[in-house]
>>> print(open('coords-v3.tsv').read())   # TSV, C-alpha atoms
chain	number	residue	atom	x	y	z
V	193	MET	CA	88.45	67.93	29.26
V	194	ILE	CA	91.82	69.13	30.57
V	195	ARG	CA	93.58	67.59	27.56
V	196	GLU	CA	91.04	69.16	25.20
V	197	ASN	CA	91.72	72.61	26.65
V	198	PHE	CA	95.46	72.05	26.38
V	199	GLU	CA	95.17	71.04	22.71
V	200	LYS	CA	92.96	74.06	22.05
V	201	ASN	CA	95.65	76.35	23.48
V	202	MET	CA	98.36	74.58	21.50
V	203	LEU	CA	96.35	75.03	18.31
V	204	GLU	CA	95.96	78.73	19.09
V	205	LEU	CA	99.74	79.02	19.48
V	206	GLN	CA	100.26	77.22	16.20
V	207	ASN	CA	97.73	79.45	14.42
V	208	LYS	CA	99.48	82.57	15.70
V	209	MET	CA	102.77	81.23	14.37
V	210	GLY	CA	101.10	80.51	11.03
V	211	GLU	CA	99.83	84.08	10.95
V	212	MET	CA	103.38	85.30	11.58
V	213	VAL	CA	104.60	83.25	8.62
V	214	ASP	CA	101.86	84.63	6.34
V	215	LEU	CA	102.64	88.23	7.31
V	216	THR	CA	106.37	87.65	6.88
V	217	VAL	CA	105.94	86.23	3.38
V	218	VAL	CA	103.80	89.27	2.49
V	219	ALA	CA	106.44	91.61	3.93
V	220	MET	CA	109.27	90.02	1.95
V	221	GLU	CA	107.22	89.99	-1.27
V	222	LYS	CA	106.34	93.67	-0.77
V	223	ALA	CA	109.97	94.54	-0.01
V	224	PHE	CA	111.12	92.95	-3.26
V	225	LYS	CA	108.30	94.50	-5.26
V	226	ALA	CA	109.40	97.88	-3.88
V	227	LEU	CA	112.98	97.05	-4.88
V	228	GLU	CA	112.02	95.98	-8.40
V	229	GLU	CA	109.69	98.94	-9.01
V	230	GLN	CA	111.71	101.47	-6.98
V	231	ASP	CA	108.56	102.19	-4.99
V	232	MET	CA	109.53	104.19	-1.90
V	233	VAL	CA	105.96	104.34	-0.57
V	234	LEU	CA	105.68	100.54	-0.60
V	235	ALA	CA	109.10	100.22	1.04
V	236	LEU	CA	107.96	102.53	3.86
V	237	ALA	CA	104.80	100.44	4.28
V	238	VAL	CA	106.91	97.31	4.88
V	239	ILE	CA	108.77	99.12	7.66
V	240	GLU	CA	105.61	100.45	9.27
V	241	GLU	CA	103.75	97.12	9.17
V	242	ASP	CA	106.51	95.16	10.92
V	243	SER	CA	105.12	95.95	14.38
V	244	SER	CA	102.21	93.52	13.88
V	245	ILE	CA	104.70	90.64	13.49
V	246	ASP	CA	106.57	91.74	16.62
V	247	GLU	CA	103.28	91.80	18.55
V	248	LEU	CA	102.44	88.26	17.46
V	249	GLU	CA	105.83	87.01	18.63
V	250	ASN	CA	105.22	88.61	22.04
V	251	GLU	CA	101.78	86.99	22.23
V	252	ILE	CA	103.26	83.58	21.41
V	253	ASN	CA	105.99	83.95	24.04
V	254	GLN	CA	103.58	85.07	26.75
V	255	MET	CA	101.07	82.33	25.98
V	256	ALA	CA	103.78	79.66	25.81
V	257	ILE	CA	105.21	80.67	29.20
V	258	TRP	CA	101.71	80.68	30.69
V	259	LEU	CA	101.02	77.22	29.26
V	260	MET	CA	104.27	75.80	30.63
V	261	ALA	CA	103.60	77.25	34.09
V	262	LYS	CA	99.96	76.11	34.15
V	263	GLU	CA	100.19	72.66	32.53
V	264	GLN	CA	103.81	71.73	33.30
V	265	PRO	CA	104.09	69.75	30.04
V	266	VAL	CA	106.69	67.03	29.59
V	267	ALA	CA	108.27	65.09	26.73
V	268	ARG	CA	106.58	65.69	23.36
V	269	ASP	CA	104.26	68.46	24.57
V	270	LEU	CA	107.16	70.38	26.06
V	271	ARG	CA	109.20	69.96	22.87
V	272	ARG	CA	106.26	71.28	20.86
V	273	ILE	CA	106.01	74.45	22.95
V	274	VAL	CA	109.77	75.04	23.05
V	275	SER	CA	109.94	74.58	19.29
V	276	MET	CA	107.19	77.16	18.73
V	277	ILE	CA	109.00	79.69	20.93
V	278	LYS	CA	112.23	79.18	18.95
V	279	MET	CA	110.47	79.22	15.59
V	280	SER	CA	108.55	82.42	16.34
V	281	SER	CA	111.88	84.09	17.16
V	282	ASP	CA	113.28	82.93	13.82
V	283	ILE	CA	110.21	84.21	11.97
V	284	GLU	CA	110.58	87.61	13.63
V	285	ARG	CA	114.19	87.80	12.45
V	286	ILE	CA	113.15	86.88	8.89
V	287	ALA	CA	110.61	89.71	8.99
V	288	ASP	CA	113.39	92.03	10.13
V	289	PHE	CA	115.34	91.10	6.99
V	290	ALA	CA	112.31	92.15	4.92
V	291	VAL	CA	112.43	95.50	6.72
V	292	ASN	CA	116.17	95.77	6.09
V	293	THR	CA	115.54	95.09	2.40
V	294	ALA	CA	112.96	97.87	2.33
V	295	LYS	CA	115.43	100.26	3.99
V	296	ALA	CA	118.10	99.32	1.43
V	297	THR	CA	115.59	100.04	-1.33
V	298	ILE	CA	115.06	103.53	0.07
V	299	ARG	CA	118.83	104.09	0.17
V	300	ILE	CA	119.13	102.99	-3.47
V	301	SER	CA	116.26	105.36	-4.38
V	302	LYS	CA	115.54	106.04	-8.07
V	303	THR	CA	118.34	104.89	-10.34
V	304	ASP	CA	119.10	102.63	-13.30
V	305	SER	CA	118.58	99.30	-11.58
V	306	ILE	CA	121.13	96.50	-11.91
V	307	LEU	CA	118.90	94.03	-10.05
V	308	SER	CA	118.42	92.00	-13.25
V	309	LYS	CA	122.15	91.24	-13.31
V	310	THR	CA	121.63	89.17	-10.16
V	311	SER	CA	119.48	86.21	-9.15
V	312	LEU	CA	118.26	87.94	-5.99
V	313	VAL	CA	114.59	87.57	-6.90
V	314	GLU	CA	114.99	83.84	-7.51
V	315	MET	CA	116.92	83.56	-4.25
V	316	LYS	CA	114.05	85.27	-2.43
V	317	ASN	CA	111.53	82.95	-4.09
V	318	ILE	CA	113.43	79.86	-2.90
V	319	SER	CA	113.60	81.29	0.63
V	320	MET	CA	109.88	82.01	0.81
V	321	ASP	CA	109.16	78.50	-0.49
V	322	MET	CA	111.36	77.21	2.32
V	323	LEU	CA	109.44	79.28	4.87
V	324	LYS	CA	106.06	77.92	3.76
V	325	LYS	CA	107.40	74.37	3.70
V	326	SER	CA	108.90	74.72	7.19
V	327	MET	CA	105.51	75.73	8.59
V	328	THR	CA	103.76	72.88	6.79
V	329	ALA	CA	106.37	70.43	8.09
V	330	PHE	CA	105.63	71.54	11.65
V	331	ILE	CA	101.84	71.37	11.28
V	332	GLU	CA	101.87	67.99	9.55
V	333	GLU	CA	104.81	66.64	11.60
V	334	ASP	CA	106.59	65.77	8.36
V	335	ILE	CA	110.26	65.03	9.03
V	336	ALA	CA	111.00	64.45	5.33
V	337	LEU	CA	109.69	67.91	4.44
V	338	ALA	CA	111.75	69.46	7.24
V	339	LYS	CA	114.87	67.83	5.77
V	340	ALA	CA	113.88	69.07	2.29
V	341	VAL	CA	113.96	72.63	3.66
V	342	GLY	CA	117.59	72.10	4.66
V	343	GLU	CA	118.39	70.89	1.15
V	344	LEU	CA	116.83	74.03	-0.37
V	345	ASP	CA	119.13	76.12	1.82
V	346	ASP	CA	122.04	74.79	-0.26
V	347	LYS	CA	120.47	76.42	-3.34
V	348	VAL	CA	120.20	79.73	-1.52
V	349	ASP	CA	123.86	79.49	-0.49
V	350	GLN	CA	124.82	78.87	-4.11
V	351	LYS	CA	122.84	81.93	-5.27
V	352	ASN	CA	124.44	83.95	-2.49
V	353	HIS	CA	127.94	83.13	-3.79
V	354	GLU	CA	126.92	83.79	-7.41
V	355	ASN	CA	125.37	87.17	-6.57
V	356	TYR	CA	128.41	88.20	-4.54
V	357	ALA	CA	130.69	87.43	-7.49
V	358	VAL	CA	128.47	89.27	-10.00
V	359	LEU	CA	128.09	92.37	-7.82
V	360	THR	CA	131.73	92.66	-6.79
V	361	ASP	CA	132.80	92.29	-10.43
V	362	TYR	CA	130.30	94.98	-11.43
V	363	LEU	CA	131.61	97.29	-8.71
V	364	LYS	CA	135.14	97.01	-10.15
V	365	GLU	CA	133.81	97.99	-13.58
V	366	SER	CA	131.42	100.70	-12.34
V	367	PRO	CA	132.75	102.21	-9.10
V	368	GLN	CA	130.48	105.23	-9.59
V	369	ASP	CA	127.50	102.95	-8.81
V	370	ILE	CA	128.85	102.02	-5.40
V	371	GLU	CA	125.72	102.86	-3.36
V	372	GLN	CA	123.33	100.64	-5.34
V	373	THR	CA	125.87	97.81	-5.56
V	374	LEU	CA	126.59	97.86	-1.83
V	375	GLN	CA	122.88	97.88	-0.98
V	376	LEU	CA	122.27	94.89	-3.26
V	377	LEU	CA	125.17	93.09	-1.58
V	378	PHE	CA	123.47	93.78	1.76
V	379	ILE	CA	120.15	92.43	0.42
V	380	ASN	CA	121.97	89.34	-0.81
V	381	ARG	CA	123.21	88.83	2.73
V	382	PHE	CA	119.75	89.49	4.23
V	383	VAL	CA	118.11	86.79	2.11
V	384	GLU	CA	120.91	84.32	2.85
V	385	ARG	CA	120.51	84.93	6.59
V	386	ALA	CA	116.73	84.61	6.30
V	387	ALA	CA	117.21	81.17	4.74
V	388	ASP	CA	119.50	80.21	7.63
V	389	HIS	CA	116.74	81.12	10.12
V	390	ILE	CA	114.23	79.11	8.09
V	391	THR	CA	116.60	76.13	8.28
V	392	ASN	CA	116.68	76.66	12.05
V	393	MET	CA	112.87	76.40	11.98
V	394	ALA	CA	113.11	73.08	10.14
V	395	GLU	CA	115.60	71.86	12.76
V	396	SER	CA	113.17	72.87	15.53
V	397	THR	CA	110.45	70.89	13.76
V	398	ALA	CA	112.71	67.84	13.51
V	399	TYR	CA	113.51	68.18	17.23
V	400	PHE	CA	109.81	68.33	18.09
V	401	ILE	CA	109.01	65.26	15.99
V	402	LYS	CA	111.98	63.03	16.84
V	403	GLY	CA	113.16	64.35	20.18
V	404	GLN	CA	116.75	64.77	19.02
V	405	LEU	CA	118.81	67.59	17.57
V	406	PHE	CA	119.39	67.75	13.83
V	407	ASP	CA	121.86	69.83	11.81
V	408	LEU	CA	120.16	70.52	8.49
V	409	ASN	CA	122.67	73.13	7.31
>>> encode(input="coords-v3.tsv", output="structure tokens")
Amino acid sequence: MIRENFEKNMLELQNKMGEMVDLTVVAMEKAFKALEEQDMVLALAVIEEDSSIDELENEINQMAIWLMAKEQPVARDLRRIVSMIKMSSDIERIADFAVNTAKATIRISKTDSILSKTSLVEMKNISMDMLKKSMTAFIEEDIALAKAVGELDDKVDQKNHENYAVLTDYLKESPQDIEQTLQLLFINRFVERAADHITNMAESTAYFIKGQLFDLN
């Protein structure tokens, strides 16, 4: 019975983390839709809705601390809880990058968009695929999938370098468009950093499964 209650609490923690992932994917998709359509109302909604993700992270932290104090888990159970604490922190940071993207969209405002000159949307799509895969890897305890997330991060890094080159070249040719170009460079950095945090999540999953540290970058 004691073990059943413990597993029930662990599943609740995992479900809260899954909810954080779902909300974060929605936030990033909304942020990019706002960027593509120059929709200031949608960008503001991304900023306003971020508090629900912050609240979930707090709930996970509080519940995890309570579980560790009450059950005093060891070995695999302890690694599972510690990994969820670290992963929820990474998810919260990824959500912050969605908010930062929305803020950059507002700063760009209405203008002739140069977004199509970049592969930012594709870069975002790869990152969100990584995020979903990292959560699945944790739930299914799939070490191969966790490693695959790290491999996808290489693609994001490549897009990051390509976008930087395209945007800096464009800025030399069109210095009058400095505000939009700078904001897109910031967004490029936000997505690249988001992918790094997702790779951290995959590393936490690998630690939980194998009990050793992995560098998947």
>>> residues_around(input="coords-v3.tsv", residues="Asn317 (chain V)", least_positions_apart="4", cutoff="10 Å", atoms="all atoms listed in the file", output="list in words")
Val217, Met220, Glu221, Ser311, Leu312, Val313, Asp321, Met322, Leu323, Val348 and Val383 of chain V
>>> atom_distance(input="coords-v3.tsv", atom1="CA of Ala398 (chain V)", atom2="CA of Ile277 (chain V)")
14.5 Å
>>> closest_residue(input="coords-v3.tsv", among="V:Phe400, V:Ser243, V:Val291, V:Arg195", to="Lys222 (chain V)", atoms="all atoms listed in the file")
V:Val291
>>> axis_aligned_box(input="coords-v3.tsv", around="region 290-296 of chain V", padding_each_side="4 Å", output="lines of an AutoDock Vina configuration file")
center_x = 115.2
center_y = 96.2
center_z = 4.1
size_x = 13.8
size_y = 16.1
size_z = 13.3
>>> residues_around(input="coords-v3.tsv", residues="region 402-405 of chain V", least_positions_apart="2", cutoff="9 Å", atoms="all atoms listed in the file", output="MDAnalysis selection string")
chainID V and resid 267:268 271 335 395:400 407
